[in-house]
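Enquirer: Handing over work.cif, mmCIF, C-alpha atoms.
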```cif
data_run
loop_
_atom_site.label_atom_id
_atom_site.label_comp_id
_atom_site.auth_asym_id
_atom_site.auth_seq_id
_atom_site.Cartn_x
_atom_site.Cartn_y
_atom_site.Cartn_z
CA MET B 1 -15.09 -28.58 -32.74
CA LEU B 2 -14.55 -26.78 -29.44
CA ALA B 3 -16.12 -29.63 -27.48
CA GLY B 4 -13.97 -32.21 -29.27
CA ALA B 5 -10.80 -30.29 -28.52
CA ALA B 6 -11.78 -29.93 -24.89
CA ALA B 7 -12.54 -33.65 -24.56
CA ARG B 8 -8.96 -34.51 -25.53
CA GLN B 9 -7.58 -32.55 -22.58
CA ALA B 10 -6.64 -34.33 -19.36
CA PRO B 11 -9.53 -34.24 -16.84
CA THR B 12 -7.24 -32.86 -14.13
CA ARG B 13 -6.24 -29.77 -16.12
CA ARG B 14 -6.94 -26.46 -14.41
CA GLY B 15 -8.15 -23.80 -16.79
CA SER B 16 -7.03 -20.20 -16.81
CA ALA B 17 -9.71 -17.55 -17.30
CA LEU B 18 -9.44 -13.82 -17.87
CA LEU B 19 -12.41 -11.57 -17.12
CA LEU B 20 -12.40 -8.21 -18.89
CA SER B 21 -14.36 -5.69 -16.83
CA GLY B 22 -14.69 -1.91 -17.12
CA SER B 23 -14.52 0.66 -14.35
CA LEU B 24 -17.62 2.69 -15.25
CA GLY B 25 -19.53 2.36 -12.00
CA MET B 26 -19.50 -0.97 -10.18
CA GLY B 27 -21.88 -3.08 -12.25
CA HIS B 28 -19.28 -4.63 -14.55
CA ASP B 29 -16.97 -5.42 -11.63
CA VAL B 30 -19.80 -7.12 -9.71
CA MET B 31 -20.58 -9.34 -12.70
CA ALA B 32 -16.87 -10.13 -13.14
CA GLU B 33 -16.68 -11.09 -9.47
CA ALA B 34 -19.66 -13.43 -9.88
CA CYS B 35 -18.22 -15.10 -12.96
CA GLY B 36 -14.80 -15.43 -11.35
CA ALA B 37 -16.20 -17.08 -8.24
CA SER B 38 -18.21 -19.55 -10.32
CA LEU B 39 -15.19 -20.37 -12.50
CA GLU B 40 -13.00 -20.98 -9.46
CA ARG B 41 -15.58 -23.38 -8.06
CA ARG B 42 -15.14 -25.29 -11.31
CA GLY B 43 -11.37 -25.54 -10.98
CA PHE B 44 -10.37 -22.50 -13.03
CA THR B 45 -7.88 -19.90 -11.97
CA ALA B 46 -9.58 -16.58 -12.72
CA ARG B 47 -8.19 -13.08 -12.89
CA THR B 48 -9.80 -9.76 -13.81
CA ALA B 49 -8.46 -6.88 -15.91
CA ASP B 50 -9.99 -3.44 -16.47
CA SER B 51 -10.61 -2.75 -20.16
CA LEU B 52 -10.63 1.00 -19.55
CA ARG B 53 -7.26 0.90 -17.83
CA MET B 54 -5.92 -1.01 -20.85
CA LEU B 55 -6.48 2.18 -22.81
CA GLY B 56 -3.50 3.61 -20.95
CA GLY B 57 -3.39 5.90 -17.94
CA ARG B 58 -4.46 9.16 -19.54
CA ASN B 59 -6.77 7.51 -22.08
CA GLY B 60 -8.43 5.36 -19.41
CA SER B 61 -9.39 8.32 -17.25
CA ARG B 62 -10.35 10.24 -20.37
CA GLY B 63 -12.78 7.50 -21.37
CA GLU B 64 -14.60 7.80 -18.06
CA LYS B 65 -14.64 11.60 -18.32
CA VAL B 66 -16.11 11.42 -21.81
CA PHE B 67 -18.91 9.13 -20.63
CA ARG B 68 -19.64 11.30 -17.60
CA GLY B 69 -19.66 14.34 -19.83
CA MET B 70 -22.13 12.79 -22.26
CA ILE B 71 -24.64 11.79 -19.60
CA ALA B 72 -24.37 15.25 -18.04
CA VAL B 73 -25.69 16.90 -21.22
CA PRO B 74 -29.45 16.23 -21.57
CA GLY B 75 -30.17 14.18 -24.66
CA LEU B 76 -26.56 13.69 -25.79
CA TYR B 77 -25.96 10.13 -24.61
CA ASP B 78 -29.50 9.17 -25.65
CA ALA B 79 -28.68 10.38 -29.15
CA VAL B 80 -25.41 8.46 -29.32
CA HIS B 81 -26.89 5.29 -27.86
CA PHE B 82 -30.11 5.07 -29.84
CA SER B 83 -28.85 6.38 -33.18
CA GLN B 84 -25.35 4.89 -33.17
CA MET B 85 -24.67 2.18 -30.58
CA ARG B 86 -27.89 0.24 -31.03
CA THR B 87 -27.74 0.45 -34.81
CA GLY B 88 -24.03 0.04 -35.36
CA GLY B 89 -23.66 3.47 -36.93
CA ARG B 90 -20.44 5.05 -38.15
CA LEU B 91 -19.74 6.80 -34.86
CA ALA B 92 -20.08 3.54 -32.92
CA LEU B 93 -17.66 1.77 -35.24
CA ALA B 94 -15.22 4.68 -34.98
CA ILE B 95 -15.35 4.44 -31.18
CA GLU B 96 -14.64 0.72 -31.43
CA ARG B 97 -11.64 1.21 -33.73
CA ALA B 98 -10.22 3.99 -31.59
CA SER B 99 -10.43 2.04 -28.33
CA SER B 100 -9.10 -1.17 -29.88
CA ARG B 101 -6.00 0.65 -31.10
CA TYR B 102 -4.94 0.94 -27.45
CA VAL B 103 -6.58 -2.10 -25.84
CA VAL B 104 -5.45 -4.72 -28.39
CA PRO B 105 -1.70 -4.35 -27.68
CA ALA B 106 -2.30 -4.43 -23.92
CA LEU B 107 -4.53 -7.50 -24.20
CA ARG B 108 -2.05 -9.22 -26.52
CA GLN B 109 0.68 -8.70 -23.92
CA GLU B 110 -1.59 -9.97 -21.13
CA LEU B 111 -2.43 -13.18 -23.00
CA THR B 112 1.19 -13.73 -24.04
CA GLU B 113 2.53 -13.36 -20.51
CA GLN B 114 -0.25 -15.43 -18.91
CA PRO B 115 -1.50 -18.21 -21.21
CA THR B 116 -5.28 -18.25 -21.02
CA ASP B 117 -7.96 -20.78 -22.00
CA LEU B 118 -11.06 -18.60 -21.65
CA VAL B 119 -11.71 -14.87 -21.93
CA ILE B 120 -15.08 -13.50 -20.81
CA SER B 121 -15.68 -9.86 -21.75
CA ILE B 122 -18.04 -8.03 -19.41
CA PHE B 123 -17.38 -4.67 -21.04
CA ALA B 124 -17.90 -3.89 -24.71
CA THR B 125 -14.40 -2.46 -25.15
CA GLY B 126 -12.94 -5.77 -24.02
CA ALA B 127 -15.20 -7.71 -26.37
CA ALA B 128 -13.97 -5.77 -29.40
CA ALA B 129 -10.30 -6.19 -28.51
CA THR B 130 -10.67 -9.90 -27.77
CA SER B 131 -12.24 -10.50 -31.16
CA ARG B 132 -9.24 -8.89 -32.81
CA VAL B 133 -6.54 -10.84 -30.95
CA LYS B 134 -8.23 -14.24 -30.81
CA PRO B 135 -6.77 -15.53 -34.14
CA GLU B 136 -3.28 -15.05 -32.67
CA PHE B 137 -3.95 -17.50 -29.80
CA PRO B 138 -4.98 -20.96 -31.07
CA GLY B 139 -7.37 -22.72 -28.73
CA LEU B 140 -8.50 -19.54 -26.98
CA VAL B 141 -12.23 -19.64 -26.24
CA THR B 142 -14.05 -16.32 -25.95
CA ALA B 143 -17.36 -15.29 -24.42
CA VAL B 144 -19.26 -12.07 -23.82
CA PHE B 145 -21.52 -11.43 -20.81
CA SER B 146 -23.89 -8.47 -20.97
CA THR B 147 -26.76 -7.73 -18.58
CA ASP B 148 -28.15 -5.00 -20.85
CA CYS B 149 -31.64 -5.48 -22.24
CA CYS B 150 -30.69 -4.23 -25.72
CA VAL B 151 -27.20 -5.51 -26.46
CA HIS B 152 -25.74 -2.88 -28.78
CA ARG B 153 -23.39 -3.28 -31.71
CA LEU B 154 -20.12 -2.83 -29.79
CA TRP B 155 -20.81 -6.01 -27.81
CA VAL B 156 -21.16 -8.26 -30.87
CA HIS B 157 -18.16 -9.59 -32.82
CA ASP B 158 -17.40 -12.40 -35.24
CA ASN B 159 -14.79 -14.17 -33.11
CA THR B 160 -17.04 -14.70 -30.08
CA ASP B 161 -17.88 -18.30 -29.20
CA LEU B 162 -20.66 -17.61 -26.69
CA TYR B 163 -22.89 -14.76 -25.57
CA LEU B 164 -24.34 -14.77 -22.05
CA VAL B 165 -27.37 -12.48 -21.63
CA THR B 166 -30.13 -12.14 -19.05
CA SER B 167 -33.25 -11.95 -21.22
CA GLN B 168 -34.70 -13.30 -24.44
CA THR B 169 -34.90 -9.71 -25.70
CA ALA B 170 -31.15 -9.36 -25.27
CA ALA B 171 -30.58 -12.63 -27.13
CA ARG B 172 -32.51 -11.27 -30.08
CA TYR B 173 -30.49 -8.07 -30.08
CA VAL B 174 -27.30 -10.14 -30.27
CA ARG B 175 -28.72 -12.00 -33.27
CA ARG B 176 -29.58 -8.69 -34.92
CA PHE B 177 -25.87 -8.39 -35.67
CA ALA B 178 -24.84 -12.08 -35.54
CA PRO B 179 -27.80 -14.23 -36.65
CA GLY B 180 -25.94 -17.49 -36.07
CA ALA B 181 -24.51 -16.62 -32.66
CA LEU B 182 -24.56 -19.09 -29.78
CA VAL B 183 -26.49 -17.31 -27.03
CA SER B 184 -27.38 -18.53 -23.53
CA VAL B 185 -29.93 -16.75 -21.35
CA VAL B 186 -28.88 -16.87 -17.69
CA PRO B 187 -30.20 -15.28 -14.48
CA THR B 188 -28.42 -12.15 -13.29
CA PRO B 189 -25.96 -13.36 -10.62
CA VAL B 190 -26.47 -11.85 -7.19
CA ARG B 191 -23.83 -11.64 -4.48
CA GLU B 192 -24.13 -14.17 -1.66
CA PRO B 193 -24.99 -11.76 1.23
CA PHE B 194 -28.28 -10.89 -0.48
CA TYR B 195 -29.47 -14.49 -0.05
CA ASP B 196 -29.11 -14.31 3.73
CA PRO B 197 -30.17 -10.83 4.91
CA PRO B 198 -31.41 -10.02 8.41
CA THR B 199 -35.12 -9.80 9.06
CA GLN B 200 -36.74 -6.40 8.70
CA GLU B 201 -37.15 -6.23 12.48
CA GLU B 202 -33.45 -6.98 13.06
CA ALA B 203 -32.30 -4.54 10.40
CA ARG B 204 -34.49 -1.72 11.69
CA ALA B 205 -33.45 -2.27 15.29
CA ALA B 206 -29.80 -1.91 14.28
CA LEU B 207 -30.57 1.37 12.51
CA GLY B 208 -32.96 2.81 15.10
CA ILE B 209 -35.95 2.88 12.75
CA PRO B 210 -39.41 2.29 14.29
CA ALA B 211 -40.93 -1.02 13.26
CA ASP B 212 -44.12 0.57 11.89
CA ALA B 213 -42.55 3.58 10.12
CA PRO B 214 -42.47 3.88 6.31
CA CYS B 215 -38.89 3.47 5.12
CA VAL B 216 -37.16 3.48 1.73
CA LEU B 217 -33.65 2.77 0.56
CA LEU B 218 -32.55 5.52 -1.85
CA MET B 219 -29.51 4.90 -4.05
CA SER B 220 -28.41 5.29 -7.67
CA GLY B 221 -25.33 3.24 -8.43
CA SER B 222 -21.78 3.91 -7.28
CA TRP B 223 -21.85 7.35 -8.96
CA GLY B 224 -24.96 8.47 -7.08
CA LEU B 225 -26.72 9.80 -10.18
CA GLY B 226 -29.82 11.92 -9.92
CA PRO B 227 -31.44 14.21 -7.34
CA LEU B 228 -30.69 12.08 -4.28
CA VAL B 229 -30.32 14.95 -1.82
CA GLU B 230 -33.46 16.73 -3.01
CA GLY B 231 -35.38 13.46 -3.15
CA ALA B 232 -34.27 12.41 0.33
CA ALA B 233 -35.27 15.80 1.74
CA ALA B 234 -38.71 15.71 0.13
CA MET B 235 -39.49 12.14 1.18
CA ALA B 236 -38.30 12.78 4.74
CA ALA B 237 -40.51 15.88 4.93
CA ALA B 238 -43.42 13.63 3.94
CA GLY B 239 -42.72 11.38 6.94
CA ILE B 240 -40.64 8.66 5.28
CA TYR B 241 -37.41 7.35 6.76
CA VAL B 242 -34.79 7.50 4.00
CA LEU B 243 -31.68 5.32 3.98
CA ALA B 244 -29.67 7.40 1.50
CA VAL B 245 -26.57 5.85 -0.08
CA ALA B 246 -24.08 8.03 -1.97
CA GLY B 247 -21.89 5.22 -3.27
CA ARG B 248 -18.40 6.43 -4.23
CA ASN B 249 -19.64 9.99 -4.78
CA LYS B 250 -17.89 11.82 -1.92
CA PRO B 251 -19.43 15.27 -2.54
CA LEU B 252 -22.86 13.63 -2.52
CA ALA B 253 -22.02 11.82 0.73
CA ALA B 254 -21.09 15.14 2.34
CA ARG B 255 -24.35 16.75 1.20
CA LEU B 256 -26.41 13.83 2.53
CA THR B 257 -24.58 14.02 5.86
CA ALA B 258 -25.36 17.74 6.08
CA LEU B 259 -29.01 17.05 5.27
CA ALA B 260 -29.21 14.38 7.97
CA GLU B 261 -28.10 16.93 10.55
CA ARG B 262 -31.22 18.94 9.76
CA GLN B 263 -33.62 16.08 9.02
CA HIS B 264 -33.39 13.13 11.41
CA LYS B 265 -35.40 10.83 9.13
CA VAL B 266 -32.51 10.82 6.63
CA ILE B 267 -29.83 8.26 7.49
CA PRO B 268 -26.82 8.79 5.19
CA PHE B 269 -24.22 6.33 3.93
CA GLY B 270 -21.25 6.63 1.63
CA PHE B 271 -19.83 3.54 -0.03
CA THR B 272 -21.01 0.62 2.09
CA ASP B 273 -21.21 -3.17 2.13
CA ARG B 274 -24.40 -3.00 4.22
CA ILE B 275 -26.78 -2.84 1.26
CA PRO B 276 -28.41 -6.25 2.05
CA ALA B 277 -29.28 -5.02 5.56
CA LEU B 278 -30.45 -1.64 4.27
CA MET B 279 -32.73 -3.36 1.75
CA ALA B 280 -34.05 -5.61 4.50
CA ALA B 281 -34.84 -2.60 6.69
CA SER B 282 -36.72 -0.81 3.92
CA ASP B 283 -40.23 -1.28 2.56
CA LEU B 284 -39.24 -0.06 -0.92
CA VAL B 285 -36.02 0.42 -2.90
CA VAL B 286 -35.83 3.70 -4.83
CA THR B 287 -33.03 3.48 -7.36
CA SER B 288 -31.98 3.71 -11.00
CA SER B 289 -32.03 0.77 -13.40
CA GLY B 290 -29.14 -1.63 -12.87
CA ASP B 291 -28.05 -4.78 -11.08
CA THR B 292 -29.38 -3.40 -7.77
CA CYS B 293 -32.81 -4.36 -9.09
CA SER B 294 -31.95 -8.08 -9.10
CA GLU B 295 -30.55 -7.78 -5.57
CA ALA B 296 -33.74 -6.11 -4.34
CA ARG B 297 -35.87 -8.84 -5.87
CA VAL B 298 -33.88 -11.56 -4.12
CA ILE B 299 -34.52 -9.87 -0.78
CA GLY B 300 -38.15 -9.27 -1.71
CA ARG B 301 -38.43 -5.52 -2.11
CA ASP B 302 -40.45 -3.70 -4.73
CA LEU B 303 -38.74 -1.05 -6.81
CA LEU B 304 -39.39 2.58 -7.64
CA LEU B 305 -37.10 3.40 -10.55
CA ILE B 306 -35.84 6.92 -11.19
CA ASP B 307 -35.56 7.57 -14.91
CA VAL B 308 -32.11 9.12 -14.59
CA VAL B 309 -29.69 6.92 -16.58
CA PRO B 310 -29.91 7.75 -20.30
CA GLY B 311 -29.25 5.44 -23.23
CA HIS B 312 -28.90 1.81 -22.14
CA GLY B 313 -30.33 2.84 -18.75
CA ARG B 314 -33.69 3.57 -20.38
CA ASP B 315 -33.61 0.18 -22.13
CA ASN B 316 -32.87 -1.56 -18.84
CA LEU B 317 -35.53 0.42 -16.99
CA GLN B 318 -38.15 -0.93 -19.37
CA LYS B 319 -36.87 -4.47 -18.79
CA GLU B 320 -37.25 -4.07 -15.03
CA LEU B 321 -40.78 -2.72 -15.38
CA GLU B 322 -41.72 -5.74 -17.48
CA ARG B 323 -40.33 -8.07 -14.82
CA GLY B 324 -42.86 -6.69 -12.37
CA HIS B 325 -42.87 -5.35 -8.80
CA ALA B 326 -41.51 -2.06 -10.15
CA GLU B 327 -42.79 1.43 -10.90
CA VAL B 328 -41.10 4.39 -12.58
CA THR B 329 -40.94 8.04 -11.56
CA ASN B 330 -39.53 11.33 -12.78
CA THR B 331 -36.47 12.99 -11.30
CA ASP B 332 -38.14 15.99 -9.66
CA PRO B 333 -38.58 15.62 -5.88
CA VAL B 334 -42.35 16.23 -5.95
CA SER B 335 -43.00 13.41 -8.44
CA LEU B 336 -40.56 11.12 -6.69
CA THR B 337 -42.23 11.66 -3.30
CA ARG B 338 -45.76 11.21 -4.65
CA SER B 339 -44.73 7.98 -6.33
CA ALA B 340 -42.93 6.72 -3.23
CA LEU B 341 -45.96 7.35 -1.02
CA ALA B 342 -48.23 5.54 -3.49
CA CYS B 343 -45.85 2.58 -3.72
CA LEU B 344 -45.55 2.36 0.06
CA ASP B 345 -49.33 2.12 0.31
CA ARG B 346 -49.25 -0.87 -2.03
CA VAL B 347 -46.28 -2.77 -0.59
CA LYS B 348 -46.95 -2.65 3.13
CA PRO B 349 -46.03 -5.18 4.39
CA PRO B 350 -43.12 -5.77 1.98
CA SER B 351 -43.49 -8.49 -0.63
CA ASP B 352 -42.07 -11.94 -0.03
CA ARG B 353 -38.57 -12.88 -1.04
CA VAL B 354 -38.15 -14.14 -4.57
CA ALA B 355 -38.06 -17.94 -4.60
CA ILE B 356 -34.70 -18.14 -6.35
CA GLY B 357 -31.31 -19.08 -5.01
CA PRO B 358 -27.74 -18.91 -6.27
CA GLN B 359 -28.06 -22.41 -7.73
CA ALA B 360 -30.13 -21.02 -10.64
CA TRP B 361 -27.17 -18.93 -11.81
CA GLU B 362 -24.66 -21.73 -11.18
CA GLN B 363 -26.65 -24.26 -13.17
CA ALA B 364 -27.25 -21.90 -16.08
CA PHE B 365 -23.63 -20.73 -16.14
CA GLY B 366 -22.36 -24.32 -16.03
CA SER B 367 -24.64 -25.36 -18.88
CA ALA B 368 -23.46 -22.41 -20.96
CA LEU B 369 -19.80 -23.27 -20.38
CA ALA B 370 -20.46 -26.87 -21.40
CA GLN B 371 -21.64 -25.63 -24.80
CA ILE B 372 -18.17 -24.23 -25.51
CA GLY B 373 -16.21 -27.23 -24.31
CA PHE B 374 -15.85 -26.58 -20.59
CA GLY B 375 -18.07 -29.35 -19.28
CA ALA B 376 -17.70 -31.57 -16.22
CA HIS B 377 -14.82 -33.62 -17.71
CA TRP B 378 -12.85 -30.75 -19.17
#
```
Now that the file is in, can you turn its structure into structure tokens?
Expert:
Amino acid sequence: MLAGAAARQAPTRRGSALLLSGSLGMGHDVMAEACGASLERRGFTARTADSLRMLGGRNGSRGEKVFRGMIAVPGLYDAVHFSQMRTGGRLALAIERASSRYVVPALRQELTEQPTDLVISIFATGAAATSRVKPEFPGLVTAVFSTDCCVHRLWVHDNTDLYLVTSQTAARYVRRFAPGALVSVVPTPVREPFYDPPTQEEARAALGIPADAPCVLLMSGSWGLGPLVEGAAAMAAAGIYVLAVAGRNKPLAARLTALAERQHKVIPFGFTDRIPALMAASDLVVTSSGDTCSEARVIGRDLLLIDVVPGHGRDNLQKELERGHAEVTNTDPVSLTRSALACLDRVKPPSDRVAIGPQAWEQAFGSALAQIGFGAHW
């Protein structure tokens, strides 16, 4: 039915797409950017909105504070995720209803003021609200894109035309709640600079790192979760050069800068667009589970994953281990350093780049869109 309706449209029509992201870290925004760029190459006009900000000023910041608070209490977010989110428990459904009460009116206004053909939700809050407003906008096509390994209940809704996921496991989790759902498995999109990094020799020369020295890139998302300062200090004391990235965590950046003044093998960074070059300079990427893993694999760096992100982070960590070229370590500096030294022994010289280019994502994304009526002649 969707394909038939799309076929009746004039071939020259330019579609309008809305991407619903969420400002918890940078991962959702990076995926929204990738989808938007691909849609624009196909003739769409794409715009992005923040689902959390649609909660309203005070509620939006409160939502982030609540999440930060949960992950700060050992075991709390694990309990909520595994007992409620993954199962669709009462608390999860209450969270969905509460957020939709604010997001639905804002989304309704957005779609009324800017007529839209396609909404892709890259944040569960946006997916729930879109399902609720879709019947009010005839012809609106809706999709959900989740890179999580175990897609939890808040992602899955009746009025969703297409689910985009990055593993067969994720597809099966979608069908746990929607057995008849249309699901497409696509590669995780990676930003263009990661496909054309400098050589290791060039990257190290720019940073002043000896060509034969062991070197790791240490980072943990834009929030800088985990014992990055303690880990950097311990690895540097063991003779490893550490490219330590704080992300948007300014207090962490200050602490890393202070450490670097005492330990010259630590090279600190705050928020930076030099990650492709830093990965190229390193022998190993030490990080938490997330989209950084796909970027490291494109450049050809093995991973040492810090088990620091609870809930969905533990699901995604397992997915990365199963994909290979990855090990896991605990958060204490001694374990982290021992694991890093062992990994460095195994990966010197660094592994080859993954034989995959951006065309794999583009082809898979295009095929998925064609299934919901946005093919070549739309």
Enquirer: Give the answer as one residue: which of B:Ser282, B:Asn159, B:Ser222, B:Gln114 has the shortest atom-to-atom distance to B:Thr130, using all atoms listed in the file?
Expert: B:Asn159
Enquirer: Enumerate, as a ChimeraX atom specification, the residues matched when the PyMOL selection byres ((chain B and resi 236-238) around 8) is run on the file above.
Expert: /B:232-235,239-242,263,265-266,337
Enquirer: Grab all the atoms of stretch 120-129 of chain B that the file lists, wrap them in a box along x, y and z, add 8 Å per side, and give me centre plus edge lengths in Å (one decimal) as AutoDock Vina command-line options.
Expert:
```
--center_x -14.2 --center_y -8.0 --center_z -24.4 --size_x 23.7 --size_y 27.0 --size_z 26.0
```
Enquirer: Care to translate the PyMOL selection byres ((chain B and resi 304) around 8) into actual residues of this file, as a list in words?
Expert: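 Taken over the shown coordinates, the PyMOL selection byres ((chain B and resi 304) around 8) returns Leu284, Val285, Val286, Thr287, Asp302, Leu303, Leu305, Ile306, Ala326, Glu327, Val328, Thr329, Ser339, Ala340 and Cys343 of chain B.
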Enquirer: Any chance you can output those residues with C-alpha atoms as a CSV table (one decimal), in the frame of the given file?
Expert:
```csv
chain,number,residue,atom,x,y,z
B,284,LEU,CA,-39.2,-0.1,-0.9
B,285,VAL,CA,-36.0,0.4,-2.9
B,286,VAL,CA,-35.8,3.7,-4.8
B,287,THR,CA,-33.0,3.5,-7.4
B,302,ASP,CA,-40.4,-3.7,-4.7
B,303,LEU,CA,-38.7,-1.0,-6.8
B,305,LEU,CA,-37.1,3.4,-10.6
B,306,ILE,CA,-35.8,6.9,-11.2
B,326,ALA,CA,-41.5,-2.1,-10.2
B,327,GLU,CA,-42.8,1.4,-10.9
B,328,VAL,CA,-41.1,4.4,-12.6
B,329,THR,CA,-40.9,8.0,-11.6
B,339,SER,CA,-44.7,8.0,-6.3
B,340,ALA,CA,-42.9,6.7,-3.2
B,343,CYS,CA,-45.8,2.6,-3.7
```
Enquirer: Name the residues that the PyMOL selection byres ((chain B and resi 307) around 12) pulls out of this structure, and write them as a PDB file with C-alpha atoms, in the coordinates of the input.
Expert:
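selection-v6.pdb written:
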```pdb
ATOM      1  CA  SER B 220     -28.410   5.290  -7.670  1.00  0.00           C
ATOM      2  CA  LEU B 225     -26.720   9.800 -10.180  1.00  0.00           C
ATOM      3  CA  GLY B 226     -29.820  11.920  -9.920  1.00  0.00           C
ATOM      4  CA  PRO B 227     -31.440  14.210  -7.340  1.00  0.00           C
ATOM      5  CA  VAL B 286     -35.830   3.700  -4.830  1.00  0.00           C
ATOM      6  CA  THR B 287     -33.030   3.480  -7.360  1.00  0.00           C
ATOM      7  CA  SER B 288     -31.980   3.710 -11.000  1.00  0.00           C
ATOM      8  CA  SER B 289     -32.030   0.770 -13.400  1.00  0.00           C
ATOM      9  CA  GLY B 290     -29.140  -1.630 -12.870  1.00  0.00           C
ATOM     10  CA  LEU B 304     -39.390   2.580  -7.640  1.00  0.00           C
ATOM     11  CA  LEU B 305     -37.100   3.400 -10.550  1.00  0.00           C
ATOM     12  CA  ILE B 306     -35.840   6.920 -11.190  1.00  0.00           C
ATOM     13  CA  VAL B 308     -32.110   9.120 -14.590  1.00  0.00           C
ATOM     14  CA  VAL B 309     -29.690   6.920 -16.580  1.00  0.00           C
ATOM     15  CA  PRO B 310     -29.910   7.750 -20.300  1.00  0.00           C
ATOM     16  CA  GLY B 311     -29.250   5.440 -23.230  1.00  0.00           C
ATOM     17  CA  HIS B 312     -28.900   1.810 -22.140  1.00  0.00           C
ATOM     18  CA  GLY B 313     -30.330   2.840 -18.750  1.00  0.00           C
ATOM     19  CA  ARG B 314     -33.690   3.570 -20.380  1.00  0.00           C
ATOM     20  CA  ASP B 315     -33.610   0.180 -22.130  1.00  0.00           C
ATOM     21  CA  ASN B 316     -32.870  -1.560 -18.840  1.00  0.00           C
ATOM     22  CA  LEU B 317     -35.530   0.420 -16.990  1.00  0.00           C
ATOM     23  CA  GLN B 318     -38.150  -0.930 -19.370  1.00  0.00           C
ATOM     24  CA  GLU B 320     -37.250  -4.070 -15.030  1.00  0.00           C
ATOM     25  CA  LEU B 321     -40.780  -2.720 -15.380  1.00  0.00           C
ATOM     26  CA  GLU B 327     -42.790   1.430 -10.900  1.00  0.00           C
ATOM     27  CA  VAL B 328     -41.100   4.390 -12.580  1.00  0.00           C
ATOM     28  CA  THR B 329     -40.940   8.040 -11.560  1.00  0.00           C
ATOM     29  CA  ASN B 330     -39.530  11.330 -12.780  1.00  0.00           C
ATOM     30  CA  THR B 331     -36.470  12.990 -11.300  1.00  0.00           C
ATOM     31  CA  ASP B 332     -38.140  15.990  -9.660  1.00  0.00           C
ATOM     32  CA  SER B 335     -43.000  13.410  -8.440  1.00  0.00           C
ATOM     33  CA  LEU B 336     -40.560  11.120  -6.690  1.00  0.00           C
TER      34      LEU B 336
END
```
Enquirer: Leaving out B:Pro115 and any residue of its chain fewer than 5 positions from it, which residues lie within 10 Å of it when counting only C-alpha atoms, given as a PyMOL selection string?
Expert: chain B and resi 15-18+110+137+140
Enquirer: For a cut-off of 8 Å around (-14.9, -7.3, -26.1), file coordinates, pick out all residues using all atoms listed in the file and list them as a list in words.
Expert: Leu20, Ser121, Ile122, Phe123, Ala124, Thr125, Gly126, Ala127, Ala128, Ala129, Thr130, Ser131, Val144, Leu154, Trp155, Val156 and His157 of chain B
Enquirer: For a quick check of understanding, using all atoms listed in the file, which of B:Glu64, B:Glu295, B:Glu322, B:Glu136 has the smallest distance to B:Pro189?
Expert: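 Using all atoms listed in the file, the shortest distance to B:Pro189 belongs to B:Glu295.
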Enquirer: Find the residues near B:Ala37: any atom within 9 Å, counting only C-alpha atoms, skip ones fewer than 5 places away on the same chain, and give them as a list in words.
Expert: Ala32, Arg42 and Ala46 of chain B
Enquirer: Find the residue from B:Val190, B:Thr160, B:Lys348, B:Arg262 that sits nearest to B:Ala213; use all atoms listed in the file when measuring.
Expert: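 Using all atoms listed in the file, B:Ala213 sits closest to B:Lys348.
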Enquirer: Report, in Å to a single decimal, how far apart atom CA of B:Arg172 and atom CA of B:Phe365 are.
Expert: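 Straight-line distance from atom CA of B:Phe365 to atom CA of B:Arg172 works out to 19.0 Å.
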Enquirer: Just to confirm, what's the straight-line distance from atom CA of B:Val298 to atom CA of B:Leu344 in Å (one decimal)?
Expert: 18.6 Å
Enquirer: Quick check, in Å to one decimal: how far apart do atom CA of B:Ala280 and atom CA of B:Gly357 lie?
Expert: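 According to the coordinates, atom CA of B:Ala280 and atom CA of B:Gly357 are separated by 16.7 Å.
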Enquirer: Any idea what's packed within 7 Å of stretch 247-257 of chain B, counting only C-alpha atoms, ignoring anything in its chain fewer than 3 positions away? Could you give it as JSON, numbers by chain?
Expert: {"B": [221, 222, 223, 224, 229, 260, 261, 268, 269, 270, 271]}
Enquirer: I want to know what sits within 10 Å of stretch 194-200 of chain B, based on all atoms listed in the file, with residues of the same chain fewer than 2 positions away left out; could you give that as an MDAnalysis selection string?
Expert: chainID B and resid 190:192 202:206 211 274:283 294:299 350 353:354 356:358
Enquirer: Considering all atoms listed in the file, can you say which of B:Cys215, B:Val186, B:Leu259, B:Leu111 comes closest to B:Asp345?
Expert: B:Cys215
Enquirer: Counting only C-alpha atoms, which residues have an atom no more than 12 Å from (-17.7, -23.2, -21.2) in the file's coordinates? Please list them as a ChimeraX atom specification.
Expert: /B:2-3,6,15-17,35,38-39,42,44,117-120,140-144,161-164,182,184,364-378
Enquirer: Have a look at B:Gln363, B:Ala72, B:Asp291, B:Val334 and name the one nearest to B:Gly25; count only C-alpha atoms.
Expert: B:Asp291
Enquirer: Any chance you could tabulate, as a Markdown table, the residues of stretch 162-271 of chain B at most 10 Å from stretch 85-95 of chain B with each one's nearest atom pair and distance in Å to one decimal, using all atoms listed in the file, in chain and rising number order?
Expert:
```
| residue | atom | partner | partner_atom | distance |
| --- | --- | --- | --- | --- |
| B:Tyr173 | CA | B:Arg86 | CA | 8.8 |
| B:Arg176 | CA | B:Thr87 | CA | 9.3 |
| B:Phe177 | CA | B:Gly88 | CA | 8.6 |
```
Enquirer: Compare B:Cys149, B:Gln109, B:Asp158, B:Pro193 by their minimum atom-to-atom distance to B:Ala181, counting only C-alpha atoms, and give me the closest one.
Expert: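 Nearest candidate to B:Ala181 out of B:Cys149, B:Gln109, B:Asp158, B:Pro193: B:Asp158.
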